[in-house]
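Accompanying notes for the structure given below.
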Amino acid sequence: MRLPVMTAAAVLLVAPSVSAQARPREAKPAAAVASATPTPGPLFPSADPRVRVVSIAGTVPAPRNAAVLLPADYETSGRRYPVLYLLHGLGGGYDNWLTRTNLAEYTAGLPLIVVMPDAGDSWYANSVTDTVQKFQHYIAQDVVAYIDSHFRTLPFAQGRYIAGLSMGGYGAVMLATKFPNRWSLAASFSGAVGMARDADTPSTNAAFGPPGGPGRDSADLPALLKRVDPRGLPYLYLDCGTGDRLIQGNRDVSAILAERGIPYEYHETRGVHDWEYWNRRIPVVLQLVAERVRTLGR
């Protein structure tokens with residue numbers, strides 16, 4: 001089965017050293033094109049028979065909803081499936097990927113479970129200002145454990161992937177760095193990967209404490225990537241639109257990955273920080289996931 005492949009002027013960097021990563025250059029367009037405009041999705045709860053909405057408790061004050069998108073043959077196959085955990089952005093929720101993109105269409109032929117948890121505006125962090133809000137552990141431990149115990153999954157790293165947009169892009173890469181044995185691939189779309197150190201907003205201050213405070217050190221993703229042991233990290237994918245205000249942070253992180261020899265790829269293509277862009281880019285990561293899914297049967 002083939003997923004839509006995006007037409008994109010993109011740079012692909014998998015560099016062993018920062019010298020190989022000069023300015024991004026344009027690549028030749030791919031052959032096929034995914035739908036550029038998201039189809040308006042259903043209101044939740046969804047009538048789609050592939051969708052389940054579950055409530056998951058854990059290291060947060062109250063259970064939170066998650067949407068689970070099942071493979072088309074889940075009820076009849078009896079087999080186990082790999083899982084993609086797909087994270088929302090700031091101000092978003094568990095239903096965003098299904099209602100704002102063509103995710104259900106893109107995954108229709110994939111033997112893959114997609115889980116979309118809800119984390120509020122937590123930055124997927126264990127809050128330093130409200131210690132009962134432990135969203136880093138909630139996603140990496142509680143949600144994964146619930147999904148593995150309630151659905152027929154492949155409960156090991158090679159069968160798990162994590163991705164997210166904006167705040168969720170930061171969350172996906174941070175969770176992959178903090179819990180490297182949980183996933184084999186982590187992807188960030190328009191990730192807010194450079195904001196945790198200095199951003200002075202209500203959500204960042206609630207998650208990490210005030211700028212300059214001790215909580216910012218452990219949340220600073222570029223600094224963490226400079227000191228983490230690169231051995232055993234999952235493969236990292238980053239992309240960003242050329243009109244996105246977050247592009248410099250993504251360039252900085254990709255340079256660190258190159259300098260440290262961490263396996264990764266980084267793409268820049270037309271677009272801004274919006275759902276039209278994320279709807280175009282999710283098929284690219286689904287293709288990477290599909291390639292890994294095929295190897296599981298070998």
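Within each chain, counting starts at residue 1; across the structure tokens, chains are named A, B, ... in the order shown, with ligands numbered 1 upward in that order.
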
Those of range 98-185 of chain A in DSSP strand (DSSP E), formatted as a compact mmCIF listing (two decimals) with C-alpha atoms, in the first residue's frame:
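Saved result, result-v2.txt, follows:
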```txt
# COMPACT_ATOMS: atom_id res chain seq x y z
CA ILE A 113 -3.27 2.27 15.42
CA VAL A 114 -3.10 6.05 15.87
CA VAL A 115 -3.56 7.42 19.40
CA MET A 116 -4.26 11.11 19.98
CA PRO A 117 -4.10 11.96 23.70
CA ARG A 160 5.90 2.58 18.59
CA TYR A 161 6.24 6.03 17.03
CA ILE A 162 5.48 9.53 18.33
CA ALA A 163 4.83 12.78 16.44
CA GLY A 164 3.27 16.16 17.05
CA LEU A 165 2.77 19.70 15.81
CA LEU A 185 10.76 7.21 15.53
```

Mind listing the alpha helix (DSSP H) residues of range 66-288 of chain A, per DSSP on the backbone, as a PyMOL selection string?
chain A and resi 74-77+96-100+103-106+135-137+144-150+167-178+202-208+215-219+221-227+247-260+275-288

Take the residues just selected and output them with C-alpha atoms as a tab-separated table (two decimals), in the first residue's frame.
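Written out: part_4.tsv:
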```tsv
chain	number	residue	atom	x	y	z
A	74	TYR	CA	-8.98	-4.37	13.51
A	75	GLU	CA	-12.26	-6.08	14.47
A	76	THR	CA	-11.75	-9.04	12.14
A	77	SER	CA	-8.01	-9.67	11.92
A	96	ASN	CA	-7.71	18.04	16.36
A	97	TRP	CA	-5.90	15.65	14.06
A	98	LEU	CA	-9.15	13.92	13.10
A	99	THR	CA	-11.26	17.05	12.67
A	100	ARG	CA	-8.66	19.35	11.10
A	103	LEU	CA	-5.77	11.66	8.82
A	104	ALA	CA	-8.53	9.04	8.61
A	105	GLU	CA	-8.26	9.01	4.82
A	106	TYR	CA	-4.46	8.87	4.84
A	135	PHE	CA	2.15	15.19	31.64
A	136	GLN	CA	5.58	13.92	30.62
A	137	HIS	CA	5.05	10.75	32.63
A	144	VAL	CA	1.23	3.89	26.56
A	145	ALA	CA	0.41	1.36	29.29
A	146	TYR	CA	-3.33	1.90	28.83
A	147	ILE	CA	-3.17	1.47	25.06
A	148	ASP	CA	-1.00	-1.65	25.34
A	149	SER	CA	-3.42	-3.22	27.84
A	150	HIS	CA	-6.69	-2.30	26.07
A	167	MET	CA	3.90	22.38	21.14
A	168	GLY	CA	3.34	18.72	20.31
A	169	GLY	CA	6.43	18.71	18.10
A	170	TYR	CA	8.46	19.89	21.08
A	171	GLY	CA	6.71	17.25	23.17
A	172	ALA	CA	7.43	14.43	20.72
A	173	VAL	CA	11.17	15.16	20.50
A	174	MET	CA	11.46	15.81	24.25
A	175	LEU	CA	9.65	12.57	25.11
A	176	ALA	CA	11.84	10.68	22.64
A	177	THR	CA	14.91	12.15	24.30
A	178	LYS	CA	13.76	11.50	27.87
A	202	PRO	CA	1.25	31.80	30.73
A	203	SER	CA	1.60	28.22	29.47
A	204	THR	CA	5.42	28.09	29.47
A	205	ASN	CA	5.59	29.74	32.89
A	206	ALA	CA	3.08	27.23	34.28
A	207	ALA	CA	4.98	24.28	32.82
A	208	PHE	CA	8.59	25.35	33.32
A	215	GLY	CA	12.91	24.54	35.69
A	216	ARG	CA	13.97	25.97	32.36
A	217	ASP	CA	17.24	24.03	32.27
A	218	SER	CA	15.66	20.59	32.08
A	219	ALA	CA	13.07	21.84	29.54
A	221	LEU	CA	15.56	20.89	24.27
A	222	PRO	CA	18.61	22.22	22.37
A	223	ALA	CA	20.70	22.10	25.56
A	224	LEU	CA	19.45	18.59	26.33
A	225	LEU	CA	20.33	17.36	22.83
A	226	LYS	CA	23.85	18.73	23.28
A	227	ARG	CA	24.49	16.55	26.33
A	247	ILE	CA	11.92	28.11	11.61
A	248	GLN	CA	15.12	29.35	13.23
A	249	GLY	CA	14.62	27.13	16.27
A	250	ASN	CA	14.20	24.14	13.98
A	251	ARG	CA	17.35	25.02	12.07
A	252	ASP	CA	19.25	25.33	15.34
A	253	VAL	CA	18.09	21.92	16.55
A	254	SER	CA	18.89	20.24	13.24
A	255	ALA	CA	22.40	21.71	13.42
A	256	ILE	CA	22.86	20.19	16.88
A	257	LEU	CA	21.64	16.80	15.64
A	258	ALA	CA	24.09	16.96	12.76
A	259	GLU	CA	27.00	17.99	14.97
A	260	ARG	CA	26.33	15.16	17.40
A	275	TRP	CA	-3.49	23.25	9.44
A	276	GLU	CA	-3.07	23.43	5.69
A	277	TYR	CA	0.65	22.85	6.23
A	278	TRP	CA	0.22	20.06	8.81
A	279	ASN	CA	-2.33	18.31	6.62
A	280	ARG	CA	0.24	18.29	3.81
A	281	ARG	CA	3.07	17.05	5.99
A	282	ILE	CA	1.47	14.25	8.01
A	283	PRO	CA	1.53	11.86	4.98
A	284	VAL	CA	5.32	12.23	4.82
A	285	VAL	CA	5.71	10.87	8.34
A	286	LEU	CA	3.05	8.23	7.72
A	287	GLN	CA	5.24	7.05	4.84
A	288	LEU	CA	8.22	6.77	7.21
```

For Val128 in chain A, which residue out of A:Gly194, A:Gly209, A:Gly91, A:Gly232 is the nearest one, using only C-alpha atoms?
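Checking each candidate against Val128 in chain A, we get A:Gly209 as the closest.
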
Under the rule that only C-alpha atoms are counted, which of A:Gly89, A:Gly212, A:Gly109, A:Pro234 is the nearest residue to His273 in chain A?
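Distance minimum relative to His273 in chain A lands on A:Gly89.
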
Which residues, written as an NGL selection string, have at least one atom at most 10 Å from Gly243 in chain A, with only C-alpha atoms counted and residues fewer than 6 positions away on the same chain left out?
:A and (268-273)

Excluding same-chain residues fewer than 6 positions from Tyr235 in chain A, what lies within 9 Å of it counting only C-alpha atoms, as a list of chain:residue names?
A:Trp183, A:Ser184, A:Leu185, A:Ala186, A:Ala187, A:Ile262, A:Pro263, A:Tyr264, A:Glu265
